[in-house]
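The data block below is model12.tsv; it holds TSV, C-alpha atoms.
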```tsv
chain	number	residue	atom	x	y	z
Q	1	GLU	CA	-19.59	7.08	-2.37
Q	2	THR	CA	-18.33	5.23	0.72
Q	3	GLY	CA	-14.61	4.53	0.90
Q	4	VAL	CA	-12.85	1.45	2.24
Q	5	THR	CA	-13.57	0.87	5.92
Q	6	GLN	CA	-11.88	-1.48	8.36
Q	7	SER	CA	-12.68	-2.73	11.83
Q	8	PRO	CA	-11.61	-2.71	14.51
Q	9	THR	CA	-9.25	0.25	14.59
Q	10	HIS	CA	-7.00	-1.22	17.24
Q	11	LEU	CA	-6.71	-4.69	18.72
Q	12	ILE	CA	-4.56	-6.27	21.42
Q	13	LYS	CA	-4.12	-10.04	21.55
Q	14	THR	CA	-1.78	-12.45	23.25
Q	15	ARG	CA	0.53	-14.94	21.61
Q	16	GLY	CA	-1.24	-18.09	20.44
Q	17	GLN	CA	-4.66	-16.46	20.09
Q	18	GLN	CA	-6.64	-16.06	16.91
Q	19	VAL	CA	-7.85	-12.79	15.37
Q	20	THR	CA	-10.32	-11.71	12.69
Q	21	LEU	CA	-10.05	-8.37	10.93
Q	22	ARG	CA	-12.80	-6.98	8.72
Q	23	CYS	CA	-12.90	-4.84	5.62
Q	24	SER	CA	-15.73	-3.29	3.65
Q	25	SER	CA	-14.73	-2.48	0.11
Q	26	GLN	CA	-15.52	0.73	-1.69
Q	27	SER	CA	-18.87	0.74	-3.47
Q	28	GLY	CA	-18.61	-0.96	-6.85
Q	29	HIS	CA	-15.30	-2.70	-6.07
Q	30	ASN	CA	-15.13	-6.48	-6.43
Q	31	THR	CA	-11.51	-7.21	-5.52
Q	32	VAL	CA	-9.95	-6.96	-2.07
Q	33	SER	CA	-6.28	-7.21	-1.13
Q	34	TRP	CA	-4.72	-7.40	2.32
Q	35	TYR	CA	-1.32	-6.03	3.31
Q	36	GLN	CA	0.77	-6.20	6.48
Q	37	GLN	CA	2.77	-3.11	7.39
Q	38	ALA	CA	5.30	-3.63	10.17
Q	39	LEU	CA	6.52	-0.57	12.03
Q	40	GLY	CA	8.86	1.49	9.86
Q	41	GLN	CA	8.38	-0.74	6.82
Q	42	GLY	CA	6.43	-0.68	3.61
Q	43	PRO	CA	3.27	-2.75	3.26
Q	44	GLN	CA	3.75	-6.41	2.30
Q	45	PHE	CA	1.16	-8.19	0.17
Q	46	ILE	CA	-0.64	-11.00	2.02
Q	47	PHE	CA	-3.30	-12.13	-0.47
Q	48	GLN	CA	-6.09	-11.00	-2.76
Q	49	TYR	CA	-9.69	-12.09	-3.16
Q	50	TYR	CA	-11.79	-11.88	-6.30
Q	51	ARG	CA	-15.20	-13.45	-6.75
Q	52	GLU	CA	-14.95	-14.92	-3.26
Q	53	GLU	CA	-11.79	-16.87	-4.05
Q	54	GLU	CA	-8.15	-16.28	-3.21
Q	55	ASN	CA	-6.37	-15.54	-6.48
Q	56	GLY	CA	-2.94	-14.42	-5.35
Q	57	ARG	CA	-0.81	-14.83	-2.25
Q	58	GLY	CA	2.39	-13.33	-0.93
Q	59	ASN	CA	5.01	-14.97	1.26
Q	60	PHE	CA	2.81	-15.57	4.31
Q	61	PRO	CA	2.18	-18.90	6.08
Q	62	PRO	CA	-1.16	-20.76	5.93
Q	63	ARG	CA	-2.16	-19.49	9.37
Q	64	PHE	CA	-3.03	-16.29	7.50
Q	65	SER	CA	-6.34	-16.96	5.78
Q	66	GLY	CA	-9.21	-14.95	4.44
Q	67	LEU	CA	-12.72	-14.82	3.12
Q	68	GLN	CA	-14.64	-12.67	0.71
Q	69	PHE	CA	-18.42	-12.41	0.93
Q	70	PRO	CA	-21.02	-11.93	-1.83
Q	71	ASN	CA	-21.17	-8.22	-1.01
Q	72	TYR	CA	-17.37	-8.11	-1.63
Q	73	SER	CA	-16.51	-7.39	2.00
Q	74	SER	CA	-13.65	-9.44	3.38
Q	75	GLU	CA	-12.09	-10.92	6.50
Q	76	LEU	CA	-8.49	-11.63	7.37
Q	77	ASN	CA	-7.97	-14.39	9.92
Q	78	VAL	CA	-4.70	-15.05	11.67
Q	79	ASN	CA	-4.30	-18.18	13.83
Q	80	ALA	CA	-1.67	-18.95	16.45
Q	81	LEU	CA	-0.59	-15.33	16.74
Q	82	GLU	CA	3.11	-14.60	17.08
Q	83	LEU	CA	4.80	-11.49	18.41
Q	84	ASP	CA	6.01	-10.64	14.88
Q	85	ASP	CA	2.39	-10.42	13.71
Q	86	SER	CA	2.16	-7.06	15.45
Q	87	ALA	CA	1.60	-4.61	12.59
Q	88	LEU	CA	-0.84	-2.36	10.79
Q	89	TYR	CA	-3.08	-4.47	8.54
Q	90	LEU	CA	-4.32	-2.65	5.47
Q	91	CYS	CA	-7.16	-3.58	3.20
Q	92	ALA	CA	-7.35	-2.28	-0.36
Q	93	SER	CA	-10.19	-2.59	-2.84
Q	94	THR	CA	-10.41	-2.16	-6.56
Q	95	SER	CA	-12.71	-2.86	-9.46
Q	96	ARG	CA	-11.42	-5.42	-11.86
Q	97	ALA	CA	-13.29	-5.63	-15.12
Q	98	GLU	CA	-12.35	-8.55	-17.30
Q	99	GLY	CA	-8.87	-7.83	-18.62
Q	100	GLY	CA	-8.73	-4.48	-16.85
Q	101	VAL	CA	-6.74	-3.20	-13.90
Q	102	GLY	CA	-8.21	-0.69	-11.51
Q	103	GLU	CA	-6.62	1.63	-9.01
Q	104	GLN	CA	-6.43	0.31	-5.45
Q	105	PHE	CA	-7.99	2.32	-2.65
Q	106	PHE	CA	-6.73	1.69	0.87
Q	107	GLY	CA	-8.58	1.67	4.15
Q	108	PRO	CA	-7.22	3.28	7.34
Q	109	GLY	CA	-5.95	-0.03	8.69
Q	110	THR	CA	-6.25	-2.09	11.85
Q	111	ARG	CA	-3.40	-1.82	14.33
Q	112	LEU	CA	-2.78	-5.28	15.84
Q	113	THR	CA	-0.57	-5.65	18.89
Q	114	VAL	CA	0.43	-9.14	20.02
Q	115	LEU	CA	1.73	-9.42	23.58
E	1	GLY	CA	11.37	-10.80	-8.15
E	2	ASP	CA	9.85	-7.36	-8.28
E	3	SER	CA	11.30	-4.79	-5.91
E	4	VAL	CA	11.38	-1.07	-5.15
E	5	THR	CA	14.30	0.78	-3.61
E	6	GLN	CA	13.86	4.27	-2.25
E	7	MET	CA	16.16	6.62	-0.42
E	8	GLU	CA	16.55	6.23	3.30
E	9	GLY	CA	14.98	8.78	5.54
E	10	PRO	CA	14.22	10.75	7.45
E	11	VAL	CA	14.47	13.77	5.22
E	12	THR	CA	14.24	17.11	7.02
E	13	LEU	CA	13.61	20.25	5.00
E	14	SER	CA	12.74	23.83	5.72
E	15	GLU	CA	9.44	25.15	4.43
E	16	GLU	CA	9.59	26.20	0.74
E	17	ALA	CA	12.65	24.02	0.08
E	18	PHE	CA	12.89	21.75	-2.98
E	19	LEU	CA	12.15	18.08	-2.42
E	20	THR	CA	13.51	15.04	-4.21
E	21	ILE	CA	12.93	11.48	-3.04
E	22	ASN	CA	14.71	8.92	-5.18
E	23	CYS	CA	13.06	5.68	-6.25
E	24	THR	CA	14.32	2.89	-8.50
E	25	TYR	CA	12.65	-0.38	-9.34
E	26	THR	CA	13.21	-3.88	-10.65
E	27	ALA	CA	10.32	-5.62	-12.33
E	28	THR	CA	9.38	-8.22	-14.87
E	29	GLY	CA	7.21	-6.85	-17.59
E	30	TYR	CA	6.15	-3.26	-17.83
E	31	PRO	CA	4.95	-2.05	-14.43
E	32	SER	CA	2.72	0.82	-13.43
E	33	LEU	CA	4.44	3.10	-10.91
E	34	PHE	CA	2.94	4.89	-7.94
E	35	TRP	CA	3.71	7.22	-5.09
E	36	TYR	CA	1.59	6.80	-1.97
E	37	VAL	CA	1.57	9.07	1.07
E	38	GLN	CA	0.82	8.07	4.65
E	39	TYR	CA	0.05	10.76	7.19
E	40	PRO	CA	0.55	9.96	10.88
E	41	GLY	CA	-2.01	7.48	12.15
E	42	GLU	CA	-3.66	7.06	8.76
E	43	GLY	CA	-3.75	4.58	5.89
E	44	LEU	CA	-2.24	5.02	2.45
E	45	GLN	CA	-3.40	7.61	-0.06
E	46	LEU	CA	-2.46	7.49	-3.72
E	47	LEU	CA	-0.49	10.64	-4.50
E	48	LEU	CA	0.27	10.12	-8.19
E	49	LYS	CA	0.85	7.42	-10.77
E	50	ALA	CA	2.31	6.74	-14.20
E	51	THR	CA	1.55	3.77	-16.40
E	52	LYS	CA	4.06	4.00	-19.25
E	53	ALA	CA	7.51	5.30	-20.07
E	54	ASP	CA	7.94	9.10	-20.07
E	55	ASP	CA	4.55	9.60	-18.41
E	56	LYS	CA	4.59	12.30	-15.75
E	57	GLY	CA	2.30	11.86	-12.80
E	58	SER	CA	1.40	14.98	-10.85
E	59	ASN	CA	-0.81	15.98	-7.94
E	60	LYS	CA	-0.79	18.69	-5.26
E	61	GLY	CA	2.45	20.15	-6.63
E	62	PHE	CA	4.24	16.78	-6.57
E	63	GLU	CA	5.60	15.29	-9.79
E	64	ALA	CA	7.33	12.09	-10.87
E	65	THR	CA	8.38	10.93	-14.33
E	66	TYR	CA	8.50	7.26	-15.39
E	67	ARG	CA	12.04	6.71	-16.69
E	68	LYS	CA	12.32	3.27	-18.24
E	69	GLU	CA	15.96	3.68	-19.25
E	70	THR	CA	17.05	4.30	-15.66
E	71	THR	CA	14.19	2.30	-14.04
E	72	SER	CA	13.43	5.29	-11.85
E	73	PHE	CA	10.43	7.26	-10.62
E	74	HIS	CA	11.80	10.06	-8.45
E	75	LEU	CA	9.35	12.24	-6.54
E	76	GLU	CA	9.82	16.03	-6.65
E	77	LYS	CA	8.15	19.13	-5.32
E	78	GLY	CA	9.32	22.65	-5.86
E	79	SER	CA	8.27	24.14	-2.53
E	80	VAL	CA	7.32	21.94	0.41
E	81	GLN	CA	4.95	22.94	3.18
E	82	VAL	CA	4.71	21.80	6.79
E	83	SER	CA	1.53	19.94	5.84
E	84	ASP	CA	3.59	17.73	3.48
E	85	SER	CA	5.21	16.04	6.49
E	86	ALA	CA	4.40	12.35	6.07
E	87	VAL	CA	5.87	9.04	4.94
E	88	TYR	CA	6.12	8.59	1.18
E	89	PHE	CA	6.09	5.15	-0.47
E	90	CYS	CA	7.16	4.35	-3.99
E	91	ALA	CA	5.40	1.31	-5.42
E	92	LEU	CA	4.86	-0.72	-8.56
E	93	ARG	CA	2.31	-3.09	-9.98
E	94	VAL	CA	3.09	-5.51	-12.78
E	95	PRO	CA	0.27	-5.97	-15.30
E	96	GLY	CA	-1.57	-9.25	-15.67
E	97	GLY	CA	-2.56	-11.76	-13.06
E	98	TYR	CA	-3.60	-10.48	-9.68
E	99	GLN	CA	-3.06	-6.90	-8.66
E	100	LYS	CA	-0.30	-7.13	-6.12
E	101	VAL	CA	1.36	-3.82	-5.33
E	102	THR	CA	5.03	-3.97	-4.31
E	103	PHE	CA	6.12	-1.16	-2.02
E	104	GLY	CA	9.42	0.38	-1.04
E	105	THR	CA	10.28	0.81	2.62
E	106	GLY	CA	9.10	4.41	2.74
E	107	THR	CA	10.82	7.76	3.25
E	108	LYS	CA	9.78	9.95	6.14
E	109	LEU	CA	9.66	13.65	5.31
E	110	GLN	CA	9.66	16.28	8.03
E	111	VAL	CA	9.17	19.90	7.00
E	112	ILE	CA	10.04	22.52	9.60
E	113	PRO	CA	8.73	26.11	9.57
```
Please express what this file holds, its structure, as C-alpha coordinates.
Amino acid sequence: ETGVTQSPTHLIKTRGQQVTLRCSSQSGHNTVSWYQQALGQGPQFIFQYYREEENGRGNFPPRFSGLQFPNYSSELNVNALELDDSALYLCASTSRAEGGVGEQFFGPGTRLTVL
Amino acid sequence: GDSVTQMEGPVTLSEEAFLTINCTYTATGYPSLFWYVQYPGEGLQLLLKATKADDKGSNKGFEATYRKETTSFHLEKGSVQVSDSAVYFCALRVPGGYQKVTFGTGTKLQVIP
(Lines of atoms letter the chains of each structure in order from A and count residues from 1; the text may use other names and numbers.)
(Lines give C-alpha, C1' and ligand atoms only; values in the text may rest on other atoms or scores of the structure.)
Protein backbone atom coordinates (compact mmCIF):
# COMPACT_ATOMS: atom_id res chain seq x y z
CA GLU A 1 0.00 0.00 0.00
CA THR A 2 1.47 3.34 -1.08
CA GLY A 3 1.32 6.18 1.44
CA VAL A 4 0.67 9.85 0.82
CA THR A 5 3.29 11.42 -1.42
CA GLN A 6 3.96 15.08 -2.15
CA SER A 7 6.03 16.94 -4.71
CA PRO A 8 8.25 18.78 -4.87
CA THR A 9 10.11 18.34 -1.60
CA HIS A 10 11.47 21.86 -1.55
CA LEU A 11 10.67 24.95 -3.56
CA ILE A 12 12.00 28.50 -3.67
CA LYS A 13 9.92 31.28 -5.20
CA THR A 14 9.97 35.05 -5.17
CA ARG A 15 7.26 37.36 -3.94
CA GLY A 16 4.42 37.80 -6.43
CA GLN A 17 4.98 34.49 -8.19
CA GLN A 18 2.57 31.60 -8.35
CA VAL A 19 3.19 28.04 -7.13
CA THR A 20 1.56 24.62 -7.54
CA LEU A 21 2.09 21.83 -5.04
CA ARG A 22 1.02 18.26 -5.69
CA CYS A 23 -0.25 15.42 -3.55
CA SER A 24 -1.04 11.79 -4.28
CA SER A 25 -3.41 10.31 -1.76
CA GLN A 26 -3.02 6.94 -0.15
CA SER A 27 -4.57 4.08 -2.09
CA GLY A 28 -8.30 3.84 -1.44
CA HIS A 29 -8.57 7.36 0.03
CA ASN A 30 -11.06 9.77 -1.54
CA THR A 31 -10.64 12.87 0.61
CA VAL A 32 -7.64 15.20 0.65
CA SER A 33 -6.91 18.04 3.06
CA TRP A 34 -4.17 20.66 2.89
CA TYR A 35 -2.47 22.31 5.86
CA GLN A 36 0.07 25.11 6.22
CA GLN A 37 2.67 24.73 8.95
CA ALA A 38 4.71 27.86 9.64
CA LEU A 39 8.04 27.44 11.38
CA GLY A 40 7.55 26.58 15.05
CA GLN A 41 3.77 26.38 14.74
CA GLY A 42 1.14 23.72 14.45
CA PRO A 43 -0.45 22.97 11.08
CA GLN A 44 -3.35 25.22 10.05
CA PHE A 45 -6.20 23.84 7.95
CA ILE A 46 -6.39 25.38 4.47
CA PHE A 47 -9.15 23.38 2.77
CA GLN A 48 -10.44 19.90 1.99
CA TYR A 49 -11.51 18.22 -1.23
CA TYR A 50 -14.00 15.40 -1.59
CA ARG A 51 -15.38 14.12 -4.87
CA GLU A 52 -13.40 16.78 -6.71
CA GLU A 53 -15.09 19.65 -4.86
CA GLU A 54 -13.95 21.87 -2.03
CA ASN A 55 -16.11 21.04 0.97
CA GLY A 56 -14.44 22.92 3.79
CA ARG A 57 -12.09 25.88 4.09
CA GLY A 58 -10.05 27.46 6.84
CA ASN A 59 -9.14 31.11 7.27
CA PHE A 60 -7.09 31.50 4.10
CA PRO A 61 -7.61 34.07 1.31
CA PRO A 62 -8.91 33.15 -2.17
CA ARG A 63 -5.42 33.24 -3.64
CA PHE A 64 -5.10 29.79 -2.06
CA SER A 65 -6.99 27.42 -4.34
CA GLY A 66 -6.99 23.75 -5.12
CA LEU A 67 -8.09 20.92 -7.32
CA GLN A 68 -8.85 17.27 -6.87
CA PHE A 69 -8.65 14.87 -9.80
CA PRO A 70 -10.69 11.73 -10.57
CA ASN A 71 -7.86 9.59 -9.20
CA TYR A 72 -8.18 11.58 -5.92
CA SER A 73 -4.79 13.25 -6.27
CA SER A 74 -4.78 16.96 -5.53
CA GLU A 75 -3.06 20.27 -6.20
CA LEU A 76 -2.65 23.33 -4.05
CA ASN A 77 -2.17 26.59 -5.95
CA VAL A 78 -1.04 29.81 -4.35
CA ASN A 79 -1.10 33.04 -6.38
CA ALA A 80 0.66 36.33 -5.67
CA LEU A 81 3.04 34.77 -3.17
CA GLU A 82 3.86 36.72 -0.03
CA LEU A 83 6.80 36.33 2.31
CA ASP A 84 4.47 34.95 5.01
CA ASP A 85 3.53 32.06 2.71
CA SER A 86 6.90 30.50 3.51
CA ALA A 87 5.99 27.29 5.33
CA LEU A 88 5.76 23.53 5.19
CA TYR A 89 2.63 22.52 3.25
CA LEU A 90 1.17 19.22 4.32
CA CYS A 91 -1.31 17.06 2.50
CA ALA A 92 -3.45 14.51 4.32
CA SER A 93 -5.73 11.87 2.88
CA THR A 94 -8.51 9.80 4.32
CA SER A 95 -11.34 7.56 3.27
CA ARG A 96 -14.74 8.95 3.95
CA ALA A 97 -17.57 6.49 3.60
CA GLU A 98 -21.01 8.01 3.76
CA GLY A 99 -21.56 9.09 7.35
CA GLY A 100 -18.16 7.78 8.41
CA VAL A 101 -14.96 9.48 9.49
CA GLY A 102 -11.60 8.01 8.64
CA GLU A 103 -8.17 8.58 10.08
CA GLN A 104 -6.05 11.14 8.24
CA PHE A 105 -2.65 10.11 6.93
CA PHE A 106 -0.12 12.86 6.28
CA GLY A 107 2.48 13.20 3.57
CA PRO A 108 6.05 14.39 4.22
CA GLY A 109 5.26 17.93 3.10
CA THR A 110 6.62 20.49 0.66
CA ARG A 111 8.87 23.17 2.10
CA LEU A 112 8.10 26.48 0.34
CA THR A 113 10.43 29.43 0.73
CA VAL A 114 9.35 32.82 -0.60
CA LEU A 115 12.11 35.38 -1.06
CA GLY B 1 -14.17 28.13 17.88
CA ASP B 2 -12.31 24.90 18.40
CA SER B 3 -8.84 25.17 19.89
CA VAL B 4 -6.06 23.14 21.48
CA THR B 5 -3.64 24.41 24.09
CA GLN B 6 -0.51 22.47 24.93
CA MET B 7 2.41 23.17 27.19
CA GLU B 8 5.22 25.31 25.90
CA GLY B 9 8.47 23.68 25.05
CA PRO B 10 11.15 22.78 24.69
CA VAL B 11 11.11 19.97 27.20
CA THR B 12 14.51 18.46 27.96
CA LEU B 13 14.68 15.13 29.76
CA SER B 14 17.32 12.58 30.54
CA GLU B 15 16.94 9.12 29.07
CA GLU B 16 14.56 6.89 31.10
CA ALA B 17 12.85 9.90 32.70
CA PHE B 18 9.05 10.17 32.94
CA LEU B 19 7.34 12.35 30.36
CA THR B 20 4.16 14.37 30.63
CA ILE B 21 3.02 16.85 28.00
CA ASN B 22 -0.16 18.66 28.97
CA CYS B 23 -2.96 19.29 26.50
CA THR B 24 -6.37 20.87 26.99
CA TYR B 25 -9.01 21.61 24.40
CA THR B 26 -12.10 23.65 23.63
CA ALA B 27 -14.57 22.26 21.14
CA THR B 28 -18.18 22.24 20.11
CA GLY B 29 -19.66 18.81 20.09
CA TYR B 30 -17.79 15.71 21.10
CA PRO B 31 -14.36 15.69 19.45
CA SER B 32 -11.95 12.90 18.72
CA LEU B 33 -8.52 13.59 20.22
CA PHE B 34 -5.11 12.81 18.79
CA TRP B 35 -1.41 13.04 19.45
CA TYR B 36 0.82 13.39 16.40
CA VAL B 37 4.60 13.25 16.33
CA GLN B 38 6.90 15.03 13.89
CA TYR B 39 10.51 13.93 13.64
CA PRO B 40 13.06 16.40 12.24
CA GLY B 41 12.56 17.00 8.54
CA GLU B 42 9.51 14.75 8.32
CA GLY B 43 5.74 15.04 8.13
CA LEU B 44 3.25 14.15 10.84
CA GLN B 45 2.68 10.65 12.13
CA LEU B 46 -0.33 9.67 14.20
CA LEU B 47 0.93 8.49 17.58
CA LEU B 48 -2.35 7.66 19.32
CA LYS B 49 -5.99 8.63 19.44
CA ALA B 50 -9.14 8.45 21.56
CA THR B 51 -12.68 8.94 20.36
CA LYS B 52 -14.78 9.06 23.52
CA ALA B 53 -14.59 9.98 27.18
CA ASP B 54 -12.35 7.77 29.36
CA ASP B 55 -10.81 6.10 26.31
CA LYS B 56 -7.09 5.54 26.65
CA GLY B 57 -5.01 5.73 23.51
CA SER B 58 -1.64 4.01 23.58
CA ASN B 59 1.24 3.29 21.23
CA LYS B 60 5.00 2.73 21.55
CA GLY B 61 4.83 3.16 25.32
CA PHE B 62 2.98 6.48 25.08
CA GLU B 63 -0.47 6.86 26.64
CA ALA B 64 -3.15 9.53 26.85
CA THR B 65 -6.61 9.40 28.43
CA TYR B 66 -9.61 11.39 27.14
CA ARG B 67 -10.87 13.35 30.15
CA LYS B 68 -14.13 15.08 29.29
CA GLU B 69 -14.60 16.60 32.74
CA THR B 70 -11.29 18.46 32.53
CA THR B 71 -11.23 18.73 28.70
CA SER B 72 -7.73 17.28 28.73
CA PHE B 73 -5.68 14.70 26.85
CA HIS B 74 -2.24 14.67 28.47
CA LEU B 75 0.51 12.59 26.88
CA GLU B 76 2.64 10.37 29.14
CA LYS B 77 5.48 7.92 28.81
CA GLY B 78 7.12 6.10 31.66
CA SER B 79 10.67 5.96 30.30
CA VAL B 80 11.74 8.12 27.36
CA GLN B 81 14.50 7.24 24.93
CA VAL B 82 16.77 9.43 22.82
CA SER B 83 14.81 8.26 19.78
CA ASP B 84 11.66 9.93 21.22
CA SER B 85 13.18 13.36 20.53
CA ALA B 86 10.67 15.08 18.26
CA VAL B 87 7.86 17.64 18.24
CA TYR B 88 4.55 16.42 19.64
CA PHE B 89 1.21 17.91 18.57
CA CYS B 90 -2.09 17.52 20.35
CA ALA B 91 -5.07 17.78 18.03
CA LEU B 92 -8.82 17.38 17.81
CA ARG B 93 -11.43 16.72 15.18
CA VAL B 94 -15.09 17.53 15.68
CA PRO B 95 -17.49 14.98 14.19
CA GLY B 96 -19.76 15.82 11.29
CA GLY B 97 -19.14 18.00 8.29
CA TYR B 98 -15.68 18.03 6.82
CA GLN B 99 -12.75 16.48 8.60
CA LYS B 100 -10.74 19.46 9.70
CA VAL B 101 -8.11 18.67 12.32
CA THR B 102 -7.26 21.49 14.75
CA PHE B 103 -3.72 21.34 16.11
CA GLY B 104 -1.93 22.81 19.08
CA THR B 105 1.32 24.68 18.58
CA GLY B 106 3.48 21.66 19.35
CA THR B 107 5.89 20.76 22.15
CA LYS B 108 9.48 19.99 21.30
CA LEU B 109 10.96 17.13 23.32
CA GLN B 110 14.70 16.62 23.57
CA VAL B 111 15.96 13.51 25.33
CA ILE B 112 19.63 13.49 26.30
CA PRO B 113 21.65 10.34 27.03
Atomic distance CA of Glu75 in chain Q - CA of Glu103 in chain Q, expressed in Å with one decimal:
20.7 Å
Please identify every residue of chain Q that has at least one atom no more than 7 Å from any atom of chain E, counting all atoms listed in the file, and report them as a PyMOL selection string.
chain Q and resi 41-43+45+55-56+106-109
Tell me, as a list in words, which residues lie within 7 Å of range 52-67 of chain E, counting all atoms listed in the file; anything in the same chain fewer than 5 positions away does not count.
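Final neighbour list, sorted by chain and number: Ser32, Leu47, Ser72, Phe73, His74, Leu75, Glu76 and Lys77 of chain E.
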Would you mind exporting C-alpha atoms of the selected residues as an mmCIF file, keeping the file's coordinate frame?
```cif
data_model
loop_
_atom_site.group_PDB
_atom_site.id
_atom_site.type_symbol
_atom_site.label_atom_id
_atom_site.label_comp_id
_atom_site.auth_asym_id
_atom_site.auth_seq_id
_atom_site.Cartn_x
_atom_site.Cartn_y
_atom_site.Cartn_z
ATOM 1 C CA SER E 32 2.720 0.820 -13.430
ATOM 2 C CA LEU E 47 -0.490 10.640 -4.500
ATOM 3 C CA SER E 72 13.430 5.290 -11.850
ATOM 4 C CA PHE E 73 10.430 7.260 -10.620
ATOM 5 C CA HIS E 74 11.800 10.060 -8.450
ATOM 6 C CA LEU E 75 9.350 12.240 -6.540
ATOM 7 C CA GLU E 76 9.820 16.030 -6.650
ATOM 8 C CA LYS E 77 8.150 19.130 -5.320
#
```
Tell me, as a ChimeraX atom specification, which residues lie within 7 Å of range 81-90 of chain Q, counting all atoms listed in the file; anything in the same chain fewer than 2 positions away does not count.
/Q:15-18,34-39,78-79,92,106-115
Atom pair CA of Thr26 in chain E / CA of Val4 in chain E: separation (Å):
6.4 Å
In Å to one decimal, how far is CA of Thr14 in chain Q from CA of Gly66 in chain Q?
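Taking CA of Gly66 in chain Q as the start and CA of Thr14 in chain Q as the end point, the length is 20.4 Å.
Proximity to Glu69 in chain E was assessed for E:Ala50, E:Ser14, E:Tyr25, E:Ser83 counting all atoms listed in the file; the smallest distance is recorded for E:Tyr25.
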For Lys68 in chain E, the nearest of the candidates E:Val94, E:Ala17, E:Met7, E:Leu33, counting only C-alpha atoms
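Smallest separation from Lys68 in chain E among the options: E:Leu33.
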Option closest in space to Asn77 in chain Q, from Q:Val4, Q:Ser93, Q:Thr9, Q:Cys23 [counting all atoms listed in the file]:
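Comparing Q:Val4, Q:Ser93, Q:Thr9, Q:Cys23 against Asn77 in chain Q, the winner is Q:Cys23.
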What box, with edges along x, y and z, holds each listed atom of range 2-17 of chain E when 3 Å is added on every side, and can you state its centre and edge lengths in Å to one decimal, as lines of an AutoDock Vina configuration file?
```
center_x = 13.0
center_y = 9.4
center_z = -0.4
size_x = 13.1
size_y = 39.6
size_z = 21.7
```
For Val32 in chain Q, please output as an MDAnalysis selection string all residues within 9 Å (counting all atoms listed in the file; exclusion window: fewer than 5 positions along the same chain).
chainID Q and resid 23:25 47:50 68 72:74 91:95 104
Have a look at E:Ser85, E:Gln6, E:Phe34, E:Thr70 and name the one nearest to Ile21 in chain E; count all atoms listed in the file.
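Closest to Ile21 in chain E, using all atoms listed in the file: E:Gln6.
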